[in-house]
Amino acid sequence: MTTIPAITPIPAPEPTTPGRATTDHTAPGHAAPGHAAPGHAAPDPTGPIAARAVDVVKTYGRGEAAVRALDGASVDIQRGRFTAVMGPSGSGKSTLVHALAGLDSIDSGQILLGDTDLGALSERDRTLLRRERLGFVFQAFNLIPALTAEENLALPLTLAGTRPDPVWQAELVQMLGLGARLRHRPAELSGGQQQRVAVGRALIARPELVFADEPTGNLDSRAGAALLTFLRDATRSLDQTIVMVTHDPGAASYADRVVFLADGRIVDEQVDPTAESVLSHLARLDAQVGG
Amino acid sequence: MTPMWRLTLRNALAHRSRLALTWLAVALGVAFVAGSLVLTDTSSHLLDAQFRTTSAGVDLTVRSAAAFNSAMGVEVQRDPLPADLTERVDAVPGVARVRAVAAGAGQLQVRGRTVAPNGPTLVGSWGEAPFTAYALRAGHAPRGADEVVLDAATARQQRIALGDRITVSATTSHTLRVVGLTGIGGQEGLANSAVVLVDLPTGQSLLGLGSRVSSIEVLAAEGVAVPGLSARLTAALGTQYAVTNSQDAAAASADAAKESIRYLRIVLLALAGAGLVVGAFLIANTFGIVLTQRARELALLRAAGATSRQVFGSVVGEALLVGLAGSAGGTLLGVGAARALRGLARSAGLALPDGPLTVTGSTLGIALAAGTVVTLLAALGPARRAARVAPVEAMRASEPAPSAPRRGRLTTGWVLLGLAAPLLVAAGWMRSIAGVGLGAALLLVALVVLGPVLAPRLARLVGRPVERLGVPGRLARESTVRNPRRTAATVTALALGLALISFVSVLGGSVKAISAAGTEAIRADLLVQSSGEEMLGGLSPEVVGRVDRLPDVAVVSRARFGHWLDQGATSALAAVDPVTLPEVADITMTAGSLSALGNDGIVLAASAATERGLQVGDTLAMTFPRDGEQLLRVAGVMADESAQALSSRYILSLDGYARHYSEDVDATVYVKLMGGVDQSRARAALKAAVADFPNAQVRDQAEAAAGRAAAIEQVIGLVTVLLGFAVLIALLGITNTLALSIVERTREIGLLRAVGMTRTQLRWMVRAEAVLVAAVAVVGGIVLGLGLAVATLAALAADNPVVVSIPVGQLLAIVAVAVLGGLAAGLLPARRAAQLDVLASIATQ
Ligand SMILES: Nc1ncnc2c1ncn2[C@@H]1O[C@H](COP(=O)(O)OP(=O)(O)OP(=O)(O)O)[C@@H](O)[C@H]1O
Ligand SMILES: [Mg+2]
């Protein structure tokens, strides 16, 4: 790749200069994606498919204690889009992204990543697939304490025995605002910085898909907004596909599309969500589930 | 039971898988201790029983007087008694019956093959009860010059039946027909020995006694008090004869035989101690790690009101439980260990009797106490640290970083190191073995104290190549550096074991080099030596005669050895023929001459002469077994190399030897062939000439050197195998530490896997850590072992030049075995780590 589209850098450690249109990160619900980046057209809701779950069933435990965490979940993840997954606690959100990311096996159904059927892969092939084609950001404890930020960033590639493309790495570091922190160990980084390193690590191998399970769950609203903006911009300017689990309607509003899970099934979805629309949707869902 | 105790018990049970290897380490160490005690007790017990049995019914024994009974575990031989003494003894009032005995050591050949029991082959004259405990099981008693009775056990083992012919040799050699098989005191035979019984005249002939006898056994008449009879016999016979209570004589013989067992016991217990010390590191580490992992729980306890003393008590209680359980298991294993040790010791050439094992109460007590005390001591440090956990730590989010060693501790360590190193050098220089011991002790303490500082630095250095493995290697190195105290304990334990092994190996190599030193002075073409490598030789004088008569042989010269007392301390001397020796060896005299020896002179090595301040013409007081203290004239002083060639610093002539010793056996016969004689042909002729003396081995110079080396190698081999046991425990320590730290790093491992580390990479990461720890220990251990060996050799060399021979091949083997051992130690934790479920690991708190 010769030209790297410019996206909004995240100021670090404190936001110093306001970004272009995304000035007020803290105002909830302001950032309908279509308005945030006027230079880009609103994404096409029926783009090519990056990953697909078909009738996925996943049961934990046996007999009396069995829990059907996923109960026939089907979802398409569109390429180049930022998809949010929402739903009540215990509805199977984490289970779904773990299954999509090949971190967990499923009982029945199918997970396709591009043309690859994850179910047909060996444990080793799934591991290789994770480090070459997928990225993952957890809620916390994303980094290896013994390695510096820079080493953590490059981890999937060094594990594969290669080195990151220096231009791309420099770009990521600059965008994530980590320049001054590269030689530090995780213990010497703030929570927000740690999560940004984690996001950088998820992106370093230019994966087809990045999953994030409540990546902003442990961050304050300012740091969270910065991270979300970065993720959204990554889908826009880098054509990166991102799937994010979140509880926060504000966070979901950064996404192009929200899918709602309840009792292990996709029950609804919304395109171009705003915080308000997501909130009312959730209220409706709660009423349905409760009633 | 107080709640604290209940908690202790529950903790110990809940963490039993984490404590399993600790238990094993204690059990193995204790098994070694118990095994050593059981083995040596058993051997002593069997020897006692054996000597008691053979003299069961006899009241008094008359022998020639001797200045001392035994030296270095060998009973001295006494002069034979004149033939008419039996009648004189019989004539003393109060004597009911007497028996003249011919007894000594010999060899046995069956169907052309030498029967080599683990112990001696005893040649004796037959006797009936009540004098002896012999009890015929088949055939009849030996009568006449060609009959022999064999103990039933040997007959069974060698498949010898009545009517078979066997060759018995001592001073002379006879081929005899087996006419009877005997048991001894209810047993089939004597442990470890073959017993060959003939009638008295045949015995006298075999043992070269002529008409004389070895001893006279006396039965007191009915109603006669034995002590009184003893006094009367002594008065009647004179002071050149010794009258001993038979039980005392048996006890004295047993004591002589048990001397080597006492040494064995000390060596075994020292090695078992090494195992326990190494185990102590493992125990301390386990408790340290488990308690770190439980820090939050301990803090909660403290927050809930437990005093720090209660926390301390509960940890010590847990250690007590583990210690007791491990010691109990180890004591049980001890019996098996005793058997294994006996097998090992025997294969190293030590004569240990076979028989049922003796387990005494004190063995049980010592083993239990040793294991428990070691465990408790090892757990004290971790317990004190656990007691210091503050209640607020319950609220802390993350694990506390491992505490750095305190400044005071470091200062102490450096000061100790600063003292130890120069002390060792000075002690080596000044030939002070005590100084070397003190320096070694200081050095070890210093290294234990400084371990947490030194080990990570060394790991960083040694770990360079490991980084080649990429991220797994890098992480492996980081993880050894991350927790200095833990790494230090694991490394120190293994390094200690390896240091001891390399110490022994360098020492052994150098002793071999020393024993070979000077032998180039020997110019003999061939040597005839006793296969047993026994100190006091064992070749019948008949051997030298037969060799001398061969036409190819130009010169024979023989050498004998003997023990003497040097102001109470046992020492050794050699006896040579001053006339023929110069023809087979280049002897350098610095003063006087060999030919001046006569039968009352002695030649000293230069170093001995210097030590004692003696010159030619002075006299030296020596105590001999046969004639007590004598003054010998210093006839000459020889160069130290020449003394080394003769394996002794004190040289008598054969004539002098015959005055002071009753022994009539040669250690070595040096043979010089006629010019132009084919060596291999001459050798075959020699072999044929001495064929019926099975212990006579014909060797060339190289084989003689190998024979000397073999004895040293066997001992080194035994010690190394037993030290390997300590190394095994240390390797268990690596497994244990790694397995425990895997538990600690579960989340990190889950993350690595999620990000794309394959199982194979993960396994290599853990194995690399194990290998790295082993490698650090190898470097430390070998450097330490070498240093101590050099200092020790220097100190032991006294006035001789310091000889250090480093067996490079052996050291490389140690390196390879230790590194491979490290790899093996990492297998289990690596498998465990690879089996961890990715998601479950990430979810771990
Ligand atoms: N390892 C497991 N063993 C047993 N049950 C599990 C396990 N993991 C998840 N579950 C159950 O499966 C269901 C779905 O869990 P999941 O973690 O996917 O929910 P979630 O939507 O991510 O919830 P949250 O919003 O609280 O993170 C829950 O009922 C949970 O209790
Ligand atoms: Mg979840």
# chains A, B, ... in the order shown; residues from 1 in each chain; ligands from 1
>>> interface_residues(of="chain A", to="chain B", cutoff="10 Å", atoms="only C-alpha atoms", output="MDAnalysis selection string")
chainID A and resid 95 98 101:104 123:132 134:138 140:147 151 155:162 201:202
>>> residues_near_ligand(ligand="ligand 1", cutoff="12 Å", atoms="only C-alpha atoms and all ligand atoms", output="VMD selection string")
(chain A and resid 57 to 62 65 to 71 73 85 to 99 104 to 105 138 to 139 212 to 215 217 244 to 248 260 to 266) or (chain B and resid 837 to 844)
>>> residues_around(residues="region 249-259 of chain A", least_positions_apart="3", cutoff="7 Å", atoms="only C-alpha atoms", output="list in words")
Pro28, Gly29, Ala31, Ala32, Pro33, Arg81, Phe82, Thr83, Ala84, Val85, Met86, Leu228, Arg232, Thr246, Ile266, Asp268, Glu269, Gln270, Val271, Asp272, Pro273, Thr274, Ala275, Val278 and Leu279 of chain A
>>> select_by_dssp(residues="region 160-386 of chain B", states="alpha helix (DSSP H)", output="number ranges by chain")
B: 200-206, 226-237, 246-293, 295-303, 308-347, 361-386
>>> atom_distance(atom1="CA of Gln78 (chain A)", atom2="CA of Leu231 (chain A)")
15.4 Å
>>> atom_distance(atom1="CA of Trp23 (chain B)", atom2="CA of Ala270 (chain B)")
21.1 Å
>>> residues_around(residues="Val778 (chain B)", least_positions_apart="4", cutoff="9 Å", atoms="only C-alpha atoms", output="ChimeraX atom specification")
/B:491,494-495,498-499,773-774,782-783,814-815,818-819
>>> write_last_selection(atoms="N, CA, C and O atoms", output="mmCIF file, in the first residue's frame")
data_model
loop_
_atom_site.group_PDB
_atom_site.id
_atom_site.type_symbol
_atom_site.label_atom_id
_atom_site.label_comp_id
_atom_site.auth_asym_id
_atom_site.auth_seq_id
_atom_site.Cartn_x
_atom_site.Cartn_y
_atom_site.Cartn_z
ATOM 1 N N VAL B 491 17.706 -22.027 40.739
ATOM 2 C CA VAL B 491 19.062 -22.123 40.189
ATOM 3 C C VAL B 491 20.036 -22.617 41.253
ATOM 4 O O VAL B 491 20.846 -23.505 41.005
ATOM 5 N N LEU B 494 19.911 -26.399 41.914
ATOM 6 C CA LEU B 494 20.521 -27.210 40.851
ATOM 7 C C LEU B 494 22.032 -26.967 40.792
ATOM 8 O O LEU B 494 22.820 -27.899 40.637
ATOM 9 N N ALA B 495 22.420 -25.688 40.947
ATOM 10 C CA ALA B 495 23.848 -25.363 40.874
ATOM 11 C C ALA B 495 24.621 -26.095 41.962
ATOM 12 O O ALA B 495 25.734 -26.568 41.736
ATOM 13 N N LEU B 498 25.097 -29.650 40.881
ATOM 14 C CA LEU B 498 26.064 -29.732 39.782
ATOM 15 C C LEU B 498 27.465 -29.385 40.256
ATOM 16 O O LEU B 498 28.449 -29.967 39.799
ATOM 17 N N ALA B 499 27.544 -28.430 41.206
ATOM 18 C CA ALA B 499 28.858 -28.064 41.743
ATOM 19 C C ALA B 499 29.476 -29.288 42.419
ATOM 20 O O ALA B 499 30.665 -29.574 42.227
ATOM 21 N N VAL B 773 16.987 -21.833 33.059
ATOM 22 C CA VAL B 773 17.294 -21.979 34.486
ATOM 23 C C VAL B 773 18.391 -23.030 34.666
ATOM 24 O O VAL B 773 19.360 -22.830 35.404
ATOM 25 N N ALA B 774 18.240 -24.137 33.940
ATOM 26 C CA ALA B 774 19.243 -25.201 34.046
ATOM 27 C C ALA B 774 20.597 -24.690 33.574
ATOM 28 O O ALA B 774 21.626 -24.968 34.198
ATOM 29 N N ILE B 782 29.280 -25.338 37.726
ATOM 30 C CA ILE B 782 30.575 -25.845 37.274
ATOM 31 C C ILE B 782 31.700 -24.905 37.691
ATOM 32 O O ILE B 782 32.758 -25.352 38.147
ATOM 33 N N VAL B 783 31.445 -23.611 37.599
ATOM 34 C CA VAL B 783 32.471 -22.664 38.046
ATOM 35 C C VAL B 783 32.756 -22.888 39.529
ATOM 36 O O VAL B 783 33.916 -22.990 39.965
ATOM 37 N N ILE B 814 28.287 -33.495 31.921
ATOM 38 C CA ILE B 814 27.461 -32.910 32.979
ATOM 39 C C ILE B 814 26.610 -31.783 32.400
ATOM 40 O O ILE B 814 25.408 -31.687 32.652
ATOM 41 N N VAL B 815 27.257 -30.935 31.594
ATOM 42 C CA VAL B 815 26.528 -29.828 30.969
ATOM 43 C C VAL B 815 25.358 -30.379 30.147
ATOM 44 O O VAL B 815 24.211 -29.946 30.292
ATOM 45 N N ALA B 818 22.606 -31.926 32.313
ATOM 46 C CA ALA B 818 21.848 -30.933 33.064
ATOM 47 C C ALA B 818 20.913 -30.144 32.152
ATOM 48 O O ALA B 818 19.754 -29.888 32.497
ATOM 49 N N VAL B 819 21.417 -29.772 30.975
ATOM 50 C CA VAL B 819 20.566 -28.985 30.071
ATOM 51 C C VAL B 819 19.406 -29.848 29.563
ATOM 52 O O VAL B 819 18.253 -29.407 29.534
#
>>> residues_around(residues="Val506 (chain B)", least_positions_apart="3", cutoff="7 Å", atoms="only C-alpha atoms", output="number ranges by chain")
B: 502-503, 509-510, 786, 789, 805-807
